[in-house]
>>> print(open('final_39.cif').read())   # mmCIF, C-alpha atoms and all ligand atoms
data_data
#
loop_
_atom_site.label_atom_id
_atom_site.label_comp_id
_atom_site.auth_asym_id
_atom_site.auth_seq_id
_atom_site.Cartn_x
_atom_site.Cartn_y
_atom_site.Cartn_z
CA MET A 1 -1.66 23.85 4.80
CA THR A 2 1.77 22.88 3.42
CA THR A 3 4.58 25.36 3.88
CA LEU A 4 7.66 25.23 1.70
CA ASN A 5 11.03 24.81 3.39
CA ALA A 6 14.33 25.11 1.55
CA ASN A 7 14.40 21.39 0.83
CA THR A 8 10.89 21.09 -0.64
CA LEU A 9 11.40 24.36 -2.51
CA SER A 10 14.49 23.02 -4.26
CA LYS A 11 12.63 19.75 -5.07
CA THR A 12 9.72 21.76 -6.49
CA THR A 13 12.08 23.86 -8.60
CA GLU A 14 13.79 20.71 -9.87
CA HIS A 15 10.37 19.23 -10.76
CA ILE A 16 9.32 22.35 -12.65
CA THR A 17 12.66 22.53 -14.44
CA ASN A 18 12.39 18.88 -15.48
CA ASN A 19 8.93 19.51 -16.85
CA LEU A 20 10.22 22.38 -18.90
CA LEU A 21 12.76 20.13 -20.60
CA LEU A 22 10.68 18.83 -23.46
CA SER A 23 10.89 15.18 -24.37
CA ASP A 24 10.97 14.22 -28.07
CA SER A 25 7.23 13.61 -28.14
CA ASP A 26 6.51 16.92 -26.34
CA SER A 27 8.60 18.79 -28.85
CA SER A 28 6.82 17.15 -31.78
CA ILE A 29 3.48 18.18 -30.22
CA THR A 30 4.82 21.74 -29.85
CA ALA A 31 5.90 21.76 -33.51
CA SER A 32 2.43 20.45 -34.49
CA MET A 33 0.78 23.23 -32.50
CA LEU A 34 2.91 25.73 -34.41
CA ASP A 35 1.75 24.17 -37.72
CA LEU A 36 -1.87 24.28 -36.56
CA ASN A 37 -1.62 27.95 -35.70
CA THR A 38 0.19 28.97 -38.86
CA GLN A 39 -1.03 26.73 -41.70
CA GLY A 40 -4.17 25.44 -39.98
CA TRP A 41 -3.30 21.71 -40.11
CA THR A 42 -0.61 19.24 -39.09
CA LEU A 43 0.24 15.58 -39.65
CA LEU A 44 1.74 13.44 -36.88
CA GLU A 45 3.29 10.21 -38.15
CA ASP A 46 4.09 6.84 -36.52
CA VAL A 47 1.43 7.06 -33.84
CA ASP A 48 1.31 3.41 -32.79
CA SER A 49 -2.32 3.04 -31.76
CA ALA A 50 -5.65 4.85 -31.46
CA ALA A 51 -4.97 5.07 -27.69
CA ASP A 52 -1.67 6.86 -28.40
CA ALA A 53 -3.47 9.17 -30.84
CA GLU A 54 -5.98 10.02 -28.10
CA SER A 55 -3.18 10.81 -25.59
CA ALA A 56 -1.49 13.06 -28.16
CA LEU A 57 -4.79 14.84 -28.92
CA LEU A 58 -5.32 15.68 -25.25
CA ASN A 59 -2.48 18.20 -25.69
CA PHE A 60 -4.78 20.14 -28.02
CA GLY A 61 -7.97 19.94 -25.94
CA ALA A 62 -10.67 17.61 -24.62
CA LEU A 63 -12.08 14.82 -26.79
CA LEU A 64 -15.73 15.67 -27.48
CA PRO A 65 -18.76 13.50 -28.25
CA GLN A 66 -19.64 13.33 -31.96
CA PHE A 67 -23.03 13.06 -33.72
CA ASP A 68 -23.73 9.65 -32.15
CA GLY A 69 -22.54 10.74 -28.68
CA GLU A 70 -19.30 8.70 -28.90
CA ILE A 71 -15.73 10.04 -28.69
CA ARG A 72 -14.44 7.69 -31.46
CA TYR A 73 -16.17 7.57 -34.82
CA ASP A 74 -15.15 4.98 -37.40
CA VAL A 75 -14.89 6.49 -40.88
CA LYS A 76 -15.42 3.41 -43.00
CA ASN A 77 -17.63 2.13 -45.73
CA ARG A 78 -21.14 1.13 -44.60
CA PRO A 79 -22.54 -0.68 -47.68
CA ASP A 80 -26.19 -0.30 -46.61
CA LYS A 81 -26.03 3.53 -46.98
CA SER A 82 -23.56 3.70 -49.88
CA GLN A 83 -25.95 5.68 -52.11
CA PHE A 84 -25.32 8.83 -50.04
CA GLN A 85 -22.41 11.23 -50.12
CA TRP A 86 -21.22 10.90 -46.52
CA SER A 87 -18.27 9.64 -44.50
CA GLY A 88 -19.80 6.13 -44.40
CA SER A 89 -19.54 5.72 -48.18
CA MET A 90 -16.63 5.49 -50.64
CA HIS A 91 -17.79 8.62 -52.56
CA ARG A 92 -16.05 11.91 -52.64
CA ILE A 93 -17.34 14.46 -50.12
CA THR A 94 -17.58 18.17 -50.97
CA PRO A 95 -15.88 20.92 -48.84
CA HIS A 96 -17.29 21.50 -45.37
CA THR A 97 -16.49 22.25 -41.76
CA GLU A 98 -17.53 19.69 -39.18
CA HIS A 99 -20.61 20.03 -37.00
CA PRO A 100 -21.72 23.51 -38.14
CA ALA A 101 -24.97 23.03 -36.20
CA ARG A 102 -23.22 22.95 -32.84
CA GLU A 103 -23.32 26.32 -31.06
CA THR A 104 -19.55 26.09 -30.74
CA PRO A 105 -18.23 23.70 -33.40
CA PRO A 106 -15.22 21.57 -32.39
CA LYS A 107 -12.02 23.61 -32.48
CA TYR A 108 -9.96 20.78 -34.00
CA LEU A 109 -10.82 17.73 -36.07
CA ALA A 110 -8.51 14.72 -36.24
CA LEU A 111 -8.34 11.58 -38.36
CA TYR A 112 -6.21 8.61 -37.28
CA CYS A 113 -5.46 6.13 -40.04
CA VAL A 114 -5.91 2.46 -39.10
CA ASN A 115 -5.94 1.26 -42.73
CA PRO A 116 -5.26 3.47 -45.75
CA SER A 117 -6.85 2.50 -49.08
CA LYS A 118 -4.59 -0.18 -50.59
CA ASN A 119 -5.15 1.52 -53.96
CA GLY A 120 -3.57 4.81 -52.88
CA ASP A 121 -6.81 6.83 -53.25
CA GLY A 122 -9.15 8.54 -50.76
CA HIS A 123 -7.04 11.64 -50.06
CA THR A 124 -8.32 13.92 -47.32
CA VAL A 125 -8.10 17.52 -48.55
CA VAL A 126 -7.82 20.71 -46.47
CA TYR A 127 -8.24 24.35 -47.56
CA ASP A 128 -7.82 27.61 -45.70
CA GLY A 129 -11.39 28.82 -45.13
CA TYR A 130 -10.37 32.26 -43.82
CA ASP A 131 -8.35 32.81 -46.98
CA PHE A 132 -11.31 31.62 -49.07
CA LEU A 133 -13.68 34.14 -47.42
CA ASN A 134 -11.09 36.87 -47.85
CA SER A 135 -10.90 36.07 -51.56
CA LEU A 136 -14.65 36.73 -52.07
CA PRO A 137 -15.88 39.98 -53.67
CA PRO A 138 -16.78 42.51 -50.93
CA ASP A 139 -20.57 42.09 -51.22
CA LEU A 140 -20.36 38.30 -50.78
CA LYS A 141 -17.87 38.67 -47.95
CA ALA A 142 -20.31 41.01 -46.18
CA TYR A 143 -23.11 38.49 -46.84
CA ALA A 144 -21.02 35.70 -45.29
CA THR A 145 -20.60 37.64 -42.06
CA THR A 146 -24.17 38.97 -41.68
CA LYS A 147 -26.84 36.69 -43.18
CA ALA A 148 -27.89 33.73 -41.06
CA VAL A 149 -28.02 30.33 -42.73
CA GLU A 150 -29.77 27.30 -41.25
CA PHE A 151 -27.34 24.45 -40.59
CA ALA A 152 -29.13 21.17 -39.90
CA VAL A 153 -27.22 17.96 -39.26
CA ARG A 154 -28.36 14.37 -39.06
CA THR A 155 -26.70 11.23 -37.71
CA ASP A 156 -28.20 9.01 -40.37
CA PRO A 157 -28.30 10.05 -44.06
CA GLU A 158 -31.96 8.99 -44.26
CA GLY A 159 -32.98 10.29 -40.83
CA GLN A 160 -34.46 13.62 -39.79
CA PRO A 161 -32.10 16.44 -38.72
CA THR A 162 -31.05 15.89 -35.13
CA GLU A 163 -29.65 19.38 -34.51
CA SER A 164 -29.90 22.72 -36.25
CA PHE A 165 -28.43 26.16 -35.76
CA ASN A 166 -28.89 29.50 -37.52
CA SER A 167 -25.71 31.42 -38.09
CA PRO A 168 -23.82 33.45 -40.69
CA LEU A 169 -20.94 31.55 -42.32
CA LEU A 170 -18.46 33.52 -40.23
CA THR A 171 -19.09 34.67 -36.66
CA LEU A 172 -16.98 36.15 -33.91
CA GLY A 173 -15.87 33.62 -31.33
CA LEU A 174 -16.16 34.90 -27.75
CA VAL A 175 -12.57 34.27 -26.83
CA SER A 176 -11.29 32.73 -30.03
CA ASN A 177 -10.66 33.63 -33.63
CA PRO A 178 -13.69 33.92 -35.93
CA ILE A 179 -15.66 30.71 -36.35
CA LEU A 180 -16.28 29.48 -39.90
CA ARG A 181 -19.25 27.23 -40.66
CA PHE A 182 -19.66 25.77 -44.12
CA SER A 183 -21.26 22.87 -45.90
CA TYR A 184 -21.28 22.96 -49.68
CA ASN A 185 -23.84 20.14 -49.60
CA MET A 186 -26.19 21.94 -47.27
CA LEU A 187 -26.06 25.19 -49.23
CA TRP A 188 -26.13 23.72 -52.74
CA TYR A 189 -28.26 20.58 -52.30
CA GLY A 190 -30.19 21.62 -49.19
CA VAL A 191 -29.07 18.56 -47.17
CA ILE A 192 -25.84 17.59 -45.48
CA TYR A 193 -25.80 14.07 -47.02
CA PRO A 194 -27.24 14.26 -50.56
CA ARG A 195 -27.57 11.24 -52.79
CA ALA A 196 -24.20 10.60 -54.43
CA ASP A 197 -25.59 10.51 -57.99
CA LEU A 198 -26.29 14.27 -57.70
CA LEU A 199 -22.52 14.86 -57.67
CA SER A 200 -22.23 14.00 -61.35
CA ASN A 201 -25.37 15.93 -62.38
CA LYS A 202 -23.88 19.01 -64.06
CA ASN A 203 -27.34 20.50 -64.68
CA TYR A 204 -28.37 20.56 -61.02
CA LYS A 205 -29.57 24.05 -59.98
CA PRO A 206 -29.76 24.83 -56.26
CA GLU A 207 -33.32 25.50 -55.11
CA HIS A 208 -32.64 25.81 -51.42
CA CYS A 209 -30.38 28.81 -51.13
CA SER A 210 -30.22 32.49 -52.00
CA GLU A 211 -28.44 33.71 -55.13
CA GLU A 212 -25.61 34.99 -52.95
CA LEU A 213 -25.07 31.61 -51.29
CA ALA A 214 -25.11 29.91 -54.69
CA GLU A 215 -22.44 32.40 -55.83
CA ILE A 216 -20.40 31.69 -52.67
CA CYS A 217 -20.61 27.95 -53.48
CA LYS A 218 -19.29 28.56 -57.01
CA TYR A 219 -16.43 30.67 -55.67
CA CYS A 220 -15.75 27.94 -53.10
CA ILE A 221 -15.31 25.25 -55.74
CA GLU A 222 -12.99 27.50 -57.74
CA TYR A 223 -10.97 28.45 -54.63
CA CYS A 224 -10.72 24.81 -53.53
CA GLU A 225 -9.56 23.61 -56.97
CA ASN A 226 -6.73 26.14 -56.89
CA ASN A 227 -5.73 25.98 -53.21
CA MET A 228 -6.04 22.40 -52.08
CA LYS A 229 -3.69 20.55 -49.77
CA ARG A 230 -4.22 16.84 -50.51
CA VAL A 231 -3.09 14.50 -47.76
CA LEU A 232 -2.96 10.74 -48.12
CA ILE A 233 -2.89 9.95 -44.40
CA PRO A 234 -0.39 7.10 -43.98
CA LYS A 235 -1.05 4.09 -41.76
CA ASN A 236 -0.61 5.27 -38.13
CA GLY A 237 -0.73 8.90 -39.27
CA LEU A 238 -2.82 11.46 -37.39
CA LEU A 239 -4.09 14.44 -39.38
CA VAL A 240 -5.28 17.35 -37.20
CA TRP A 241 -6.76 20.62 -38.46
CA ASP A 242 -8.39 23.77 -37.16
CA ASN A 243 -12.08 23.17 -37.86
CA ARG A 244 -13.05 26.79 -37.17
CA ARG A 245 -10.73 28.01 -39.92
CA MET A 246 -10.20 25.21 -42.46
CA LEU A 247 -12.56 23.50 -44.89
CA HIS A 248 -12.04 19.81 -45.61
CA SER A 249 -13.22 17.35 -48.22
CA ARG A 250 -12.45 13.79 -49.27
CA GLU A 251 -11.68 12.22 -52.60
CA GLN A 252 -13.40 9.05 -53.77
CA PHE A 253 -11.74 5.73 -52.88
CA THR A 254 -11.99 2.17 -54.11
CA ASP A 255 -10.84 -0.01 -51.19
CA PRO A 256 -13.78 -0.96 -48.91
CA ASP A 257 -11.28 -1.70 -46.11
CA ARG A 258 -10.06 1.92 -45.81
CA HIS A 259 -10.53 2.78 -42.13
CA LEU A 260 -9.92 6.03 -40.25
CA ILE A 261 -10.97 7.03 -36.74
CA ARG A 262 -12.32 10.56 -36.37
CA TYR A 263 -12.10 12.77 -33.27
CA PHE A 264 -13.65 16.12 -32.29
CA ILE A 265 -11.44 18.20 -29.98
CA GLY A 266 -12.54 21.30 -28.13
O1 LIG A 301 -12.68 10.17 -45.07
C1 LIG A 301 -12.09 11.23 -44.89
O2 LIG A 301 -10.90 11.42 -45.25
C2 LIG A 301 -12.77 12.41 -44.21
C3 LIG A 301 -14.26 12.27 -44.18
C4 LIG A 301 -14.90 13.40 -43.44
O3 LIG A 301 -15.20 14.43 -43.97
C5 LIG A 301 -15.10 13.28 -42.00
O4 LIG A 301 -14.96 12.18 -41.46
O5 LIG A 301 -15.45 14.30 -41.36
FE FE A 302 -15.97 15.86 -42.47
#
>>> encode(input="final_39.cif", output="structure tokens")
Amino acid sequence: MTTLNANTLSKTTEHITNNLLLSDSDSSITASMLDLNTQGWTLLEDVDSAADAESALLNFGALLPQFDGEIRYDVKNRPDKSQFQWSGSMHRITPHTEHPARETPPKYLALYCVNPSKNGDGHTVVYDGYDFLNSLPPDLKAYATTKAVEFAVRTDPEGQPTESFNSPLLTLGLVSNPILRFSYNMLWYGVIYPRADLLSNKNYKPEHCSEELAEICKYCIEYCENNMKRVLIPKNGLLVWDNRRMLHSREQFTDPDRHLIRYFIG
């Protein structure tokens, strides 16, 4: 067992004191944490590489495996599956939270920009999901916290669901704030990755959900149109948001070389 003498004690104190003096990068992480806790999202700029992004993210939690079991997921156009509305296409994606079928969805989501669209499109959009639920009429708010919905996710747009979980849209976290789960696509179209041509079909009527969930979807679109935060993540930018509170979506883009790397943090 090591005992502390006066000399080692003063060295230990010096070490602790030095660690309390925040370096520039520590203080920017602290400021980002403040943003995450207040507005639900933050943008770190000039992060030189994906490896640097990963080191920064470790301040927020562990990097978790994604749908394919990997820590890094490339968000880029995959021409063979471009007919679906998913991250591997250039289509817009409707509001959702990530991995609603996981018993505990990732606390934070992050996107690191390797290559923005050269045409200045493809904004990532975040919305405050707690505020959205609070804006619902009382009966729909009660529905969102009591009625279980089946969330089924799939790795491949054409594949079978690989995981599913039944849960109300909002549940109490054991030691955390309430957990929001949402997928406009799953509620409205009945699948997480619908065919993209459905997006422009104004006459589409949902067949897969209750009247209340269809109402919640309509309120969601209205809320999102009026309360969006559009972020064009710059090259070497790292957008991080609270995935148990915020909804996110993506606007359509036209540059097949747009490339982001996505992380789940828990
Ligand atoms: O491409 C984007 O900006 C985000 C796509 C998305 O929703 C995701 O990767 O989870
Ligand atoms: Fe997403």
>>> closest_residue(input="final_39.cif", among="A:Asp121, A:Asp74, A:Glu98, A:Asp242", to="ligand FE 302 (chain A)", atoms="all atoms listed in the file")
A:Glu98
>>> atom_distance(input="final_39.cif", atom1="CA of Leu63 in chain A", atom2="CA of Leu111 in chain A")
12.6 Å
>>> closest_residue(input="final_39.cif", among="A:Leu36, A:Leu136, A:Ala110, A:Ala152", to="ligand LIG 301 (chain A)", atoms="all atoms listed in the file")
A:Ala110
>>> residues_near_ligand(input="final_39.cif", ligand="ligand FE 302 (chain A)", cutoff="8 Å", atoms="all atoms listed in the file", output="PyMOL selection string")
chain A and resi 87+93+96-98+248-250
>>> write_last_selection(input="final_39.cif", atoms="C-alpha atoms", output="tab-separated table (two decimals), in the frame of the given file")
chain	number	residue	atom	x	y	z
A	87	SER	CA	-18.27	9.64	-44.50
A	93	ILE	CA	-17.34	14.46	-50.12
A	96	HIS	CA	-17.29	21.50	-45.37
A	97	THR	CA	-16.49	22.25	-41.76
A	98	GLU	CA	-17.53	19.69	-39.18
A	248	HIS	CA	-12.04	19.81	-45.61
A	249	SER	CA	-13.22	17.35	-48.22
A	250	ARG	CA	-12.45	13.79	-49.27
>>> residues_near_ligand(input="final_39.cif", ligand="ligand LIG 301 (chain A)", cutoff="9 Å", atoms="all atoms listed in the file", output="ChimeraX atom specification")
/A:73-76,86-90,92-99,109-111,122-125,231-233,248-252,258-263
>>> closest_residue(input="final_39.cif", among="A:Asn77, A:Gln83, A:Thr104, A:Asn115", to="Leu64 in chain A", atoms="all atoms listed in the file")
A:Thr104
>>> atom_distance(input="final_39.cif", atom1="CA of Ala144 in chain A", atom2="CA of Asn243 in chain A")
17.1 Å
>>> atom_distance(input="final_39.cif", atom1="CA of Leu140 in chain A", atom2="CA of Ile216 in chain A")
6.9 Å
>>> residues_near_point(input="final_39.cif", point="(-7.2, 27.7, -36.7)", cutoff="10 Å", atoms="only C-alpha atoms", output="number ranges by chain")
A: 35-41, 107-108, 128-130, 176-180, 241-246
>>> closest_residue(input="final_39.cif", among="A:Ser27, A:Leu58, A:Leu238, A:Phe182", to="Phe132 in chain A", atoms="all atoms listed in the file")
A:Phe182
>>> residues_around(input="final_39.cif", residues="Ser167 in chain A", least_positions_apart="2", cutoff="8 Å", atoms="all atoms listed in the file", output="list in words")
Lys147, Ala148, Val149, Glu150, Phe151, Phe165, Leu169, Leu170 and Thr171 of chain A
>>> closest_residue(input="final_39.cif", among="A:Ser49, A:Ser55, A:Ser200, A:Thr42", to="Asp26 in chain A", atoms="all atoms listed in the file")
A:Ser55
>>> residues_around(input="final_39.cif", residues="Trp188 in chain A", least_positions_apart="6", cutoff="8 Å", atoms="all atoms listed in the file", output="list in words")
Pro206, Glu207, His208, Cys209, Ala214 and Cys217 of chain A
>>> closest_residue(input="final_39.cif", among="A:Glu215, A:Ser164, A:Phe84, A:Thr155", to="Tyr193 in chain A", atoms="all atoms listed in the file")
A:Phe84
>>> residues_around(input="final_39.cif", residues="Lys235 in chain A", least_positions_apart="4", cutoff="8 Å", atoms="all atoms listed in the file", output="VMD selection string")
chain A and resid 46 113 to 116
>>> build_atoms(input="final_39.cif", residues="range 233-250 of chain A", atoms="N, CA, C and O atoms", output="mmCIF file, in the coordinates of the input")
data_model
loop_
_atom_site.group_PDB
_atom_site.id
_atom_site.type_symbol
_atom_site.label_atom_id
_atom_site.label_comp_id
_atom_site.auth_asym_id
_atom_site.auth_seq_id
_atom_site.Cartn_x
_atom_site.Cartn_y
_atom_site.Cartn_z
ATOM 1 N N ILE A 233 -3.341 10.219 -45.781
ATOM 2 C CA ILE A 233 -2.890 9.950 -44.400
ATOM 3 C C ILE A 233 -2.281 8.546 -44.366
ATOM 4 O O ILE A 233 -2.953 7.569 -44.721
ATOM 5 N N PRO A 234 -1.001 8.441 -43.975
ATOM 6 C CA PRO A 234 -0.390 7.100 -43.980
ATOM 7 C C PRO A 234 -0.900 6.261 -42.812
ATOM 8 O O PRO A 234 -1.455 6.806 -41.856
ATOM 9 N N LYS A 235 -0.696 4.957 -42.892
ATOM 10 C CA LYS A 235 -1.050 4.090 -41.760
ATOM 11 C C LYS A 235 -0.371 4.637 -40.502
ATOM 12 O O LYS A 235 0.798 5.026 -40.544
ATOM 13 N N ASN A 236 -1.089 4.712 -39.410
ATOM 14 C CA ASN A 236 -0.610 5.270 -38.130
ATOM 15 C C ASN A 236 -0.341 6.778 -38.178
ATOM 16 O O ASN A 236 0.334 7.315 -37.298
ATOM 17 N N GLY A 237 -0.839 7.438 -39.212
ATOM 18 C CA GLY A 237 -0.730 8.900 -39.270
ATOM 19 C C GLY A 237 -1.947 9.537 -38.604
ATOM 20 O O GLY A 237 -3.035 8.949 -38.569
ATOM 21 N N LEU A 238 -1.743 10.728 -38.069
ATOM 22 C CA LEU A 238 -2.820 11.460 -37.390
ATOM 23 C C LEU A 238 -2.879 12.865 -37.981
ATOM 24 O O LEU A 238 -1.971 13.672 -37.757
ATOM 25 N N LEU A 239 -3.909 13.114 -38.779
ATOM 26 C CA LEU A 239 -4.090 14.440 -39.380
ATOM 27 C C LEU A 239 -4.979 15.264 -38.454
ATOM 28 O O LEU A 239 -6.045 14.806 -38.046
ATOM 29 N N VAL A 240 -4.508 16.465 -38.098
ATOM 30 C CA VAL A 240 -5.280 17.350 -37.200
ATOM 31 C C VAL A 240 -5.428 18.686 -37.906
ATOM 32 O O VAL A 240 -4.466 19.176 -38.500
ATOM 33 N N TRP A 241 -6.620 19.286 -37.866
ATOM 34 C CA TRP A 241 -6.760 20.620 -38.460
ATOM 35 C C TRP A 241 -7.686 21.481 -37.624
ATOM 36 O O TRP A 241 -8.468 20.983 -36.812
ATOM 37 N N ASP A 242 -7.570 22.792 -37.867
ATOM 38 C CA ASP A 242 -8.390 23.770 -37.160
ATOM 39 C C ASP A 242 -9.742 23.853 -37.864
ATOM 40 O O ASP A 242 -9.858 24.416 -38.952
ATOM 41 N N ASN A 243 -10.755 23.295 -37.225
ATOM 42 C CA ASN A 243 -12.080 23.170 -37.860
ATOM 43 C C ASN A 243 -12.864 24.476 -37.852
ATOM 44 O O ASN A 243 -13.919 24.568 -38.447
ATOM 45 N N ARG A 244 -12.349 25.494 -37.152
ATOM 46 C CA ARG A 244 -13.050 26.790 -37.170
ATOM 47 C C ARG A 244 -12.441 27.708 -38.216
ATOM 48 O O ARG A 244 -12.880 28.823 -38.399
ATOM 49 N N ARG A 245 -11.390 27.222 -38.871
ATOM 50 C CA ARG A 245 -10.730 28.010 -39.920
ATOM 51 C C ARG A 245 -10.682 27.278 -41.255
ATOM 52 O O ARG A 245 -10.814 27.889 -42.310
ATOM 53 N N MET A 246 -10.461 25.953 -41.229
ATOM 54 C CA MET A 246 -10.200 25.210 -42.460
ATOM 55 C C MET A 246 -11.481 24.516 -42.964
ATOM 56 O O MET A 246 -12.330 24.093 -42.177
ATOM 57 N N LEU A 247 -11.561 24.387 -44.293
ATOM 58 C CA LEU A 247 -12.560 23.500 -44.890
ATOM 59 C C LEU A 247 -11.866 22.160 -45.141
ATOM 60 O O LEU A 247 -10.647 22.126 -45.314
ATOM 61 N N HIS A 248 -12.636 21.078 -45.187
ATOM 62 C CA HIS A 248 -12.040 19.810 -45.610
ATOM 63 C C HIS A 248 -12.997 19.077 -46.546
ATOM 64 O O HIS A 248 -14.203 19.334 -46.555
ATOM 65 N N SER A 249 -12.420 18.188 -47.336
ATOM 66 C CA SER A 249 -13.220 17.350 -48.220
ATOM 67 C C SER A 249 -12.505 16.004 -48.333
ATOM 68 O O SER A 249 -11.436 15.824 -47.733
ATOM 69 N N ARG A 250 -13.100 15.100 -49.072
ATOM 70 C CA ARG A 250 -12.450 13.790 -49.270
ATOM 71 C C ARG A 250 -12.624 13.355 -50.700
ATOM 72 O O ARG A 250 -13.683 13.566 -51.291
#
